[in-house]
Amino acid sequence: MSDDNLNEGFHKWNPMEKDYKSVEFNQYCTGPGANLDSSLQLANNYNNGKATPTRDAPTPYLVFKNMPPKMSKTALRNICSKHGSVKSVRDSQKCDYFFVDFATVADMEATFRALENNNYGFQVFVGRHKKNLTPMDYNKENNIIAVQPRTTGIDYQNRTIRVSSKQLPRPIVEQNRQIEEDKCNGYPAEIFNNDAHYLEREDVNDPIKHSKFKYQTGRSYIQMSDNIREFVAKKCEESTGRFSPSTEKYVNKLNGFEKPSQIGKCNTCERECDTICSRCSTHYCSVECQRNDWQEHRYVCGKPKNLQKISLEHKKSQATITQSKPSAVECSKTLNSPNKNTTESYCNPQIPRSGNIVTITSISKTNIVFIRAKTYEDNMSYFKTIDGIQALGKKLKPLKDKPKCGNVVIAKFGDQYNRALVLNSDNSEKIFVNYMDYGNLDNLRLEDLYEAPIEFSEKPRHALPVILKDVPDCYMTEQIRNFMYSYLNGINVCIKYKPEDYQQEKGVYQVELIDETTQQNLNKMIVKLSKPTEPQSTNEICYIEYLQQKHLPSGENIELIVMDNSSMSTGCISCTTKPYAVEIQKFQKELQKYVEMIPKEGYAPRQDELCIVKYNEDGLWYRGRCLEVVGDGYPTILFIDYGNVSIVHIDDIRRYPTQFTYPIYTADCEIEGLPESCNEEIVAKLEELIPHGSIVKCNRVKAFSDDHFYSISLPDVIQRLSKCGLL
């Protein structure tokens, strides 16, 4: 025999071929395929030694159409292997289709979801034998056959992640009501309770940063840099005089109280000033007054004197008509007058008339904001109140006794003094107040409050609450917050409502707000931002890095809430703070709404992918992270807001929407002094000493920032375990 024939014979000889195709030898007895149907075993799918699966074998497979010309079987196999276990790749003799067989339905489902909207150019469909189809299996609209969930057992042998020992009910944390009464200052308590700035007032959430404005508790004020402050101070020094609100006189720095020749009265507020419009020399005491007068001033600014005279006469005639009507502030004094019906409330200009221009002064919730009228009279009354309080300055007397609920006090917000209404004063360290002329809420100390002079305490409030019509009271995501906050900086909006929009039991109106410049409907935009959408492509997959992990406080004497203690055998519990637990309960409602509005289709997540998961204990949906996939259709899921780990079928898993940017508030905490593995007696005693949902007082909390893991010191617990002889 020649060397060439010998080499050819060796190449053809395959001693493993017989064993590979042998049903008795090559089958799963252990490992990830042990629970597969015998018909899904690879060796059983060969017909008479041919490498083509039989038609009767129910192997899960995908069909690929419109393949790129140079796409090979190997390339397709490599693409699909990134998402699931591929058994074989076949091509059709009748058409240009490719068929990819998978080990399990879960592998096929994961690959289909990943490649459904791909950038390779091909189309992918779920394959099924036509004779096994029922009318409910086929989706004619998408030309895709529905994936049926697997019913085989759970593969426990190949799992490496420890699962929680039991499923515990979710702890419920009661949020302290800031106002116990049903009504406060004529408004229902719900207007002030449970706003979106609870974490910020607890000093555990950072405000939104802006180069010019500073946002705090749903309100903004101008944040001046040192350079701007120096510039303003310099300009004030160069001025020939100033108006003193306290004496209501113009003080000339050069000649005492003698008025220089260029002094005139402000065209808006009629105060004496020495600043003028650069185009027409009309006197204005400030840029704000010039801006407020622009609707009338624009008709005369820069025009010849004869045309200015005609326009000014028209303005005076309009002012005479306006003076005959009471302002919103004046009419608000009759708000609580008896025998008032809905129609009279609508006619009452306490709220600006429909179609008028207003400005948003603060934001309470996604559907509740405070507004202020911007008519000439209301602006004058507002600025007179604010300037009058600032004029008092250091003359204000600090409060000595704790105020009562409903009292009007003076408080400082930033560099400005404000009127504040006391809503709750049970704790001298946290007196809950509402800034009457803006609407935002704050927790202040007794030493931060001043007595309000009678002329200011009796004045009606300038900021009025309204409910945004058809806008839900939902969790304020970062996207919604950024949009709503953009209207806090003096932007004009038009208010619209009807008589039937008045809610008698609440004493407030449901309104629509329209951007005066862009005509954008704020209500519709907030509704759009509040509705999450189910991801449709692989670009919208969210992994664990997508969410921010909040840090627990470190230090001594810290209280934490036990969110889950089902992994006590490892010496660890899952904890968070009370403010964080309240936040978790708030956005938990949004998860239920989301699942109800999307199709009831299961989902096979990838490792470390975020998802929405049903909890069998209560049937509700929670946020989860996929820790492990073993190919049996039951991935291992960590419930990131509570800390327990469970095995969940893909039917009870949904894709995670990108709109849910809620941070992760819960972290694992290791109890110092416990062994690495606790026996049943120690676990039973620990569950008794540290009940599920309880508040634990830690002597010390130490953070390991790299993996958001904490070590907590509970000496009382360790001491009691030692007395019982368990350590």
# chains A, B, ... in the order shown; residues from 1 in each chain; ligands from 1
>>> select_by_dssp(residues="stretch 404-613 of chain A", states="helix (DSSP H, G or I)", output="NGL selection string")
:A and (446-448 or 454-457 or 478-485 or 499-501 or 522-530 or 538-540 or 544-546 or 568-570 or 578-597)
>>> select_by_dssp(residues="stretch 398-431 of chain A", states="strand (DSSP E)", output="VMD selection string")
chain A and resid 408 to 413 416 to 427 430 to 431
>>> closest_residue(among="A:Val204, A:Val369, A:Met476, A:Ile690", to="A:Glu590", atoms="only C-alpha atoms")
A:Met476
>>> residues_around(residues="A:Lys524", least_positions_apart="5", cutoff="12 Å", atoms="only C-alpha atoms", output="ChimeraX atom specification")
/A:366-367,468-472,480,511-515,519,529-531
>>> residues_around(residues="A:Ile389", least_positions_apart="5", cutoff="12 Å", atoms="only C-alpha atoms", output="JSON, numbers by chain")
{"A": [245, 246, 382, 383, 384, 394, 395, 396, 409, 410, 411, 412, 416, 417, 418, 419, 420, 437, 450, 451, 452, 453, 454, 455, 456, 457]}
>>> write_last_selection(atoms="N, CA and C atoms", output="mmCIF file, in the first residue's frame")
data_model
loop_
_atom_site.group_PDB
_atom_site.id
_atom_site.type_symbol
_atom_site.label_atom_id
_atom_site.label_comp_id
_atom_site.auth_asym_id
_atom_site.auth_seq_id
_atom_site.Cartn_x
_atom_site.Cartn_y
_atom_site.Cartn_z
ATOM 1 N N PRO A 245 -36.463 100.519 50.753
ATOM 2 C CA PRO A 245 -37.829 100.039 51.004
ATOM 3 C C PRO A 245 -38.321 100.341 52.410
ATOM 4 N N SER A 246 -37.400 100.371 53.377
ATOM 5 C CA SER A 246 -37.821 100.598 54.761
ATOM 6 C C SER A 246 -38.345 102.024 54.962
ATOM 7 N N TYR A 382 -46.848 90.928 44.798
ATOM 8 C CA TYR A 382 -45.843 89.903 45.115
ATOM 9 C C TYR A 382 -44.495 90.555 45.441
ATOM 10 N N PHE A 383 -44.030 91.452 44.561
ATOM 11 C CA PHE A 383 -42.724 92.076 44.782
ATOM 12 C C PHE A 383 -42.730 92.980 46.012
ATOM 13 N N LYS A 384 -43.859 93.599 46.274
ATOM 14 C CA LYS A 384 -43.945 94.445 47.469
ATOM 15 C C LYS A 384 -43.807 93.600 48.730
ATOM 16 N N LYS A 394 -32.120 92.289 59.492
ATOM 17 C CA LYS A 394 -31.676 91.933 60.840
ATOM 18 C C LYS A 394 -32.637 92.397 61.927
ATOM 19 N N LYS A 395 -33.657 93.144 61.554
ATOM 20 C CA LYS A 395 -34.631 93.592 62.545
ATOM 21 C C LYS A 395 -35.597 92.476 62.946
ATOM 22 N N LEU A 396 -35.591 91.374 62.193
ATOM 23 C CA LEU A 396 -36.493 90.265 62.504
ATOM 24 C C LEU A 396 -36.129 89.658 63.860
ATOM 25 N N VAL A 409 -44.686 82.341 59.927
ATOM 26 C CA VAL A 409 -43.384 82.742 60.442
ATOM 27 C C VAL A 409 -42.531 83.227 59.257
ATOM 28 N N ILE A 410 -41.345 83.746 59.589
ATOM 29 C CA ILE A 410 -40.385 84.146 58.566
ATOM 30 C C ILE A 410 -39.216 83.159 58.627
ATOM 31 N N ALA A 411 -38.835 82.624 57.473
ATOM 32 C CA ALA A 411 -37.723 81.679 57.393
ATOM 33 C C ALA A 411 -36.822 82.073 56.239
ATOM 34 N N LYS A 412 -35.573 81.652 56.308
ATOM 35 C CA LYS A 412 -34.615 81.997 55.271
ATOM 36 C C LYS A 412 -34.428 80.815 54.320
ATOM 37 N N GLN A 416 -32.533 84.611 50.950
ATOM 38 C CA GLN A 416 -33.761 85.414 50.941
ATOM 39 C C GLN A 416 -34.683 85.010 52.091
ATOM 40 N N TYR A 417 -35.253 86.039 52.734
ATOM 41 C CA TYR A 417 -36.260 85.785 53.762
ATOM 42 C C TYR A 417 -37.610 85.530 53.095
ATOM 43 N N ASN A 418 -38.364 84.574 53.653
ATOM 44 C CA ASN A 418 -39.646 84.186 53.076
ATOM 45 C C ASN A 418 -40.690 84.000 54.162
ATOM 46 N N ARG A 419 -41.927 84.195 53.773
ATOM 47 C CA ARG A 419 -43.033 83.833 54.667
ATOM 48 C C ARG A 419 -43.226 82.319 54.604
ATOM 49 N N ALA A 420 -43.464 81.706 55.751
ATOM 50 C CA ALA A 420 -43.651 80.256 55.810
ATOM 51 C C ALA A 420 -44.827 79.924 56.713
ATOM 52 N N ASP A 437 -45.287 81.919 49.505
ATOM 53 C CA ASP A 437 -45.214 82.660 48.251
ATOM 54 C C ASP A 437 -44.515 81.871 47.147
ATOM 55 N N TYR A 450 -38.266 83.105 62.447
ATOM 56 C CA TYR A 450 -38.410 84.452 62.998
ATOM 57 C C TYR A 450 -39.895 84.804 63.077
ATOM 58 N N GLU A 451 -40.179 85.773 63.928
ATOM 59 C CA GLU A 451 -41.550 86.251 64.055
ATOM 60 C C GLU A 451 -41.959 87.012 62.792
ATOM 61 N N ALA A 452 -43.192 86.795 62.363
ATOM 62 C CA ALA A 452 -43.710 87.491 61.183
ATOM 63 C C ALA A 452 -44.523 88.700 61.632
ATOM 64 N N PRO A 453 -44.172 89.919 61.193
ATOM 65 C CA PRO A 453 -44.975 91.104 61.530
ATOM 66 C C PRO A 453 -46.414 90.922 61.071
ATOM 67 N N ILE A 454 -47.335 91.565 61.751
ATOM 68 C CA ILE A 454 -48.752 91.387 61.500
ATOM 69 C C ILE A 454 -49.131 91.737 60.067
ATOM 70 N N GLU A 455 -48.458 92.760 59.482
ATOM 71 C CA GLU A 455 -48.821 93.167 58.118
ATOM 72 C C GLU A 455 -48.455 92.103 57.088
ATOM 73 N N PHE A 456 -47.514 91.205 57.441
ATOM 74 C CA PHE A 456 -47.144 90.126 56.517
ATOM 75 C C PHE A 456 -47.890 88.829 56.817
ATOM 76 N N SER A 457 -48.191 88.583 58.071
ATOM 77 C CA SER A 457 -48.893 87.344 58.414
ATOM 78 C C SER A 457 -50.339 87.356 57.942
#
>>> residues_around(residues="stretch 555-566 of chain A", least_positions_apart="6", cutoff="9 Å", atoms="only C-alpha atoms", output="compact mmCIF listing (two decimals) with N, CA, C and O atoms, in the first residue's frame")
# COMPACT_ATOMS: atom_id res chain seq x y z
N SER A 164 -32.03 31.56 48.41
CA SER A 164 -32.56 31.85 49.75
C SER A 164 -33.34 30.66 50.28
O SER A 164 -34.01 29.95 49.53
N SER A 165 -33.24 30.46 51.58
CA SER A 165 -33.85 29.28 52.19
C SER A 165 -35.36 29.30 52.19
O SER A 165 -36.00 28.26 52.21
N LYS A 166 -35.98 30.49 52.15
CA LYS A 166 -37.43 30.60 52.18
C LYS A 166 -37.87 31.88 51.49
O LYS A 166 -37.07 32.78 51.25
N GLN A 167 -39.15 31.92 51.15
CA GLN A 167 -39.74 33.13 50.57
C GLN A 167 -40.55 33.84 51.65
O GLN A 167 -41.53 33.31 52.16
N LEU A 168 -40.12 35.05 51.99
CA LEU A 168 -40.74 35.82 53.06
C LEU A 168 -41.61 36.93 52.48
O LEU A 168 -41.33 37.43 51.38
N PRO A 169 -42.65 37.32 53.19
CA PRO A 169 -43.46 38.47 52.70
C PRO A 169 -42.64 39.75 52.71
O PRO A 169 -41.74 39.92 53.53
N ARG A 170 -42.98 40.65 51.81
CA ARG A 170 -42.25 41.91 51.72
C ARG A 170 -42.59 42.81 52.91
O ARG A 170 -43.76 42.97 53.27
N PRO A 171 -41.57 43.40 53.55
CA PRO A 171 -41.85 44.30 54.68
C PRO A 171 -42.52 45.58 54.22
O PRO A 171 -42.27 46.08 53.12
N VAL A 173 -43.19 49.54 55.25
CA VAL A 173 -42.70 50.63 56.09
C VAL A 173 -43.68 51.78 55.99
O VAL A 173 -43.99 52.26 54.90
N CYS A 572 -25.44 36.87 56.74
CA CYS A 572 -25.72 38.14 56.08
C CYS A 572 -27.22 38.43 56.07
O CYS A 572 -28.05 37.51 56.04
N ILE A 573 -27.56 39.70 56.11
CA ILE A 573 -28.93 40.16 55.94
C ILE A 573 -28.93 41.31 54.94
O ILE A 573 -27.90 41.95 54.73
N SER A 574 -30.06 41.55 54.31
CA SER A 574 -30.19 42.66 53.35
C SER A 574 -30.87 43.83 54.05
O SER A 574 -31.95 43.66 54.63
N CYS A 575 -30.25 45.00 53.99
CA CYS A 575 -30.73 46.15 54.75
C CYS A 575 -30.79 47.41 53.90
O CYS A 575 -30.13 47.51 52.85
N THR A 576 -31.54 48.38 54.38
CA THR A 576 -31.57 49.72 53.82
C THR A 576 -32.02 50.67 54.92
O THR A 576 -32.31 50.24 56.04
N THR A 577 -32.09 51.95 54.62
CA THR A 577 -32.56 52.92 55.60
C THR A 577 -34.06 53.13 55.44
O THR A 577 -34.65 52.74 54.42
N LYS A 578 -34.69 53.76 56.42
CA LYS A 578 -36.13 53.99 56.34
C LYS A 578 -36.52 54.90 55.18
O LYS A 578 -37.46 54.58 54.44
N ALA A 581 -36.40 52.79 52.12
CA ALA A 581 -37.48 51.81 52.08
C ALA A 581 -38.78 52.45 51.62
O ALA A 581 -39.57 51.84 50.88
N ASP A 641 -34.18 44.91 45.20
CA ASP A 641 -34.70 45.86 46.19
C ASP A 641 -34.93 45.21 47.55
O ASP A 641 -35.28 45.91 48.51
N TYR A 642 -34.75 43.88 47.63
CA TYR A 642 -34.99 43.19 48.90
C TYR A 642 -33.83 42.28 49.29
O TYR A 642 -33.59 42.09 50.47
N GLY A 643 -33.14 41.71 48.32
CA GLY A 643 -31.94 40.94 48.63
C GLY A 643 -32.07 39.45 48.59
O GLY A 643 -31.07 38.74 48.68
N ASN A 644 -33.28 38.87 48.44
CA ASN A 644 -33.43 37.43 48.39
C ASN A 644 -33.17 36.90 46.99
O ASN A 644 -33.30 37.62 45.99
N VAL A 645 -32.77 35.64 46.90
CA VAL A 645 -32.44 34.98 45.63
C VAL A 645 -33.41 33.82 45.43
O VAL A 645 -33.58 32.99 46.32
N THR A 666 -30.87 48.94 48.37
CA THR A 666 -30.66 47.85 49.33
C THR A 666 -29.28 47.23 49.12
O THR A 666 -28.81 47.12 47.98
N GLU A 687 -33.05 34.64 63.57
CA GLU A 687 -34.35 35.06 63.04
C GLU A 687 -35.26 35.57 64.15
O GLU A 687 -36.13 36.41 63.93
N ILE A 690 -33.40 39.07 65.11
CA ILE A 690 -33.43 40.05 64.02
C ILE A 690 -34.59 39.67 63.10
O ILE A 690 -34.39 39.07 62.04
N PRO A 691 -35.81 39.99 63.48
CA PRO A 691 -36.97 39.59 62.67
C PRO A 691 -36.96 40.25 61.30
O PRO A 691 -36.41 41.34 61.11
N HIS A 692 -37.60 39.60 60.37
CA HIS A 692 -37.77 40.13 59.02
C HIS A 692 -38.61 41.42 59.07
O HIS A 692 -39.68 41.44 59.66
N GLY A 693 -38.10 42.50 58.50
CA GLY A 693 -38.81 43.78 58.48
C GLY A 693 -38.58 44.64 59.70
O GLY A 693 -39.17 45.72 59.81
N SER A 694 -37.73 44.21 60.62
CA SER A 694 -37.50 44.98 61.85
C SER A 694 -36.44 46.05 61.63
O SER A 694 -35.74 46.08 60.62
N ILE A 695 -36.32 46.94 62.62
CA ILE A 695 -35.30 47.99 62.61
C ILE A 695 -34.19 47.58 63.56
O ILE A 695 -34.43 47.29 64.73
N VAL A 696 -32.96 47.52 63.04
CA VAL A 696 -31.82 47.16 63.87
C VAL A 696 -30.96 48.40 64.11
O VAL A 696 -30.73 49.19 63.19
N LYS A 697 -30.51 48.56 65.35
CA LYS A 697 -29.64 49.68 65.71
C LYS A 697 -28.21 49.18 65.73
O LYS A 697 -27.81 48.41 66.60
N CYS A 698 -27.43 49.61 64.75
CA CYS A 698 -26.06 49.14 64.58
C CYS A 698 -25.09 50.04 65.34
O CYS A 698 -25.14 51.27 65.19
N ASN A 699 -24.23 49.43 66.12
CA ASN A 699 -23.20 50.22 66.79
C ASN A 699 -22.24 50.83 65.78
O ASN A 699 -21.74 51.93 65.98
N ARG A 700 -22.03 50.10 64.69
CA ARG A 700 -21.12 50.59 63.67
C ARG A 700 -21.48 49.96 62.33
O ARG A 700 -21.85 48.78 62.26
N VAL A 701 -21.38 50.76 61.28
CA VAL A 701 -21.57 50.27 59.91
C VAL A 701 -20.32 50.63 59.12
O VAL A 701 -19.94 51.80 59.03
N LYS A 702 -19.68 49.60 58.56
CA LYS A 702 -18.46 49.79 57.79
C LYS A 702 -18.72 49.38 56.35
O LYS A 702 -19.27 48.32 56.09
>>> residues_around(residues="A:Lys73", least_positions_apart="2", cutoff="10 Å", atoms="only C-alpha atoms", output="list in words")
Lys70, Met71, Ala75, Leu76, Arg77, Asn78, Ile79, Ser88, Val89, Arg90, Asp91, Phe98, Phe99 and Val100 of chain A
>>> write_last_selection(atoms="C-alpha atoms", output="JSON list (two decimals), in the first residue's frame")
[["chain", "number", "residue", "atom", "x", "y", "z"],
["A", 70, "LYS", "CA", -21.07, 35.62, 2.37],
["A", 71, "MET", "CA", -22.63, 34.42, 5.64],
["A", 75, "ALA", "CA", -20.41, 32.46, 11.18],
["A", 76, "LEU", "CA", -24.10, 31.96, 11.98],
["A", 77, "ARG", "CA", -23.22, 29.39, 14.63],
["A", 78, "ASN", "CA", -20.78, 31.81, 16.27],
["A", 79, "ILE", "CA", -23.40, 34.57, 16.30],
["A", 88, "SER", "CA", -26.39, 22.25, 14.86],
["A", 89, "VAL", "CA", -26.80, 24.58, 11.89],
["A", 90, "ARG", "CA", -28.64, 23.29, 8.79],
["A", 91, "ASP", "CA", -29.49, 24.78, 5.42],
["A", 98, "PHE", "CA", -30.83, 28.39, 7.50],
["A", 99, "PHE", "CA", -32.03, 26.39, 10.52],
["A", 100, "VAL", "CA", -30.27, 26.54, 13.89]]
>>> residues_around(residues="A:Ser354", least_positions_apart="4", cutoff="12 Å", atoms="only C-alpha atoms", output="ChimeraX atom specification")
/A:346-350,358,373,493-499,501,509-514
>>> closest_residue(among="A:Ile671, A:Ile491, A:Ala114, A:Ile637", to="A:Asp608", atoms="only C-alpha atoms")
A:Ile637
>>> closest_residue(among="A:Gly218, A:Thr361, A:Asn14, A:Thr282", to="A:Leu199", atoms="only C-alpha atoms")
A:Gly218
>>> atom_distance(atom1="atom CA of A:Met108", atom2="atom CA of A:Ile598")
21.9 Å
>>> closest_residue(among="A:Thr385, A:Ser567, A:Gln549, A:Ser85", to="A:Glu458", atoms="only C-alpha atoms")
A:Thr385
>>> closest_residue(among="A:Trp294, A:Tyr97, A:Tyr580, A:Tyr156", to="A:Asp632", atoms="only C-alpha atoms")
A:Tyr156
>>> closest_residue(among="A:Ile544, A:Gly602, A:Tyr615, A:Ile351", to="A:Tyr502", atoms="only C-alpha atoms")
A:Ile351
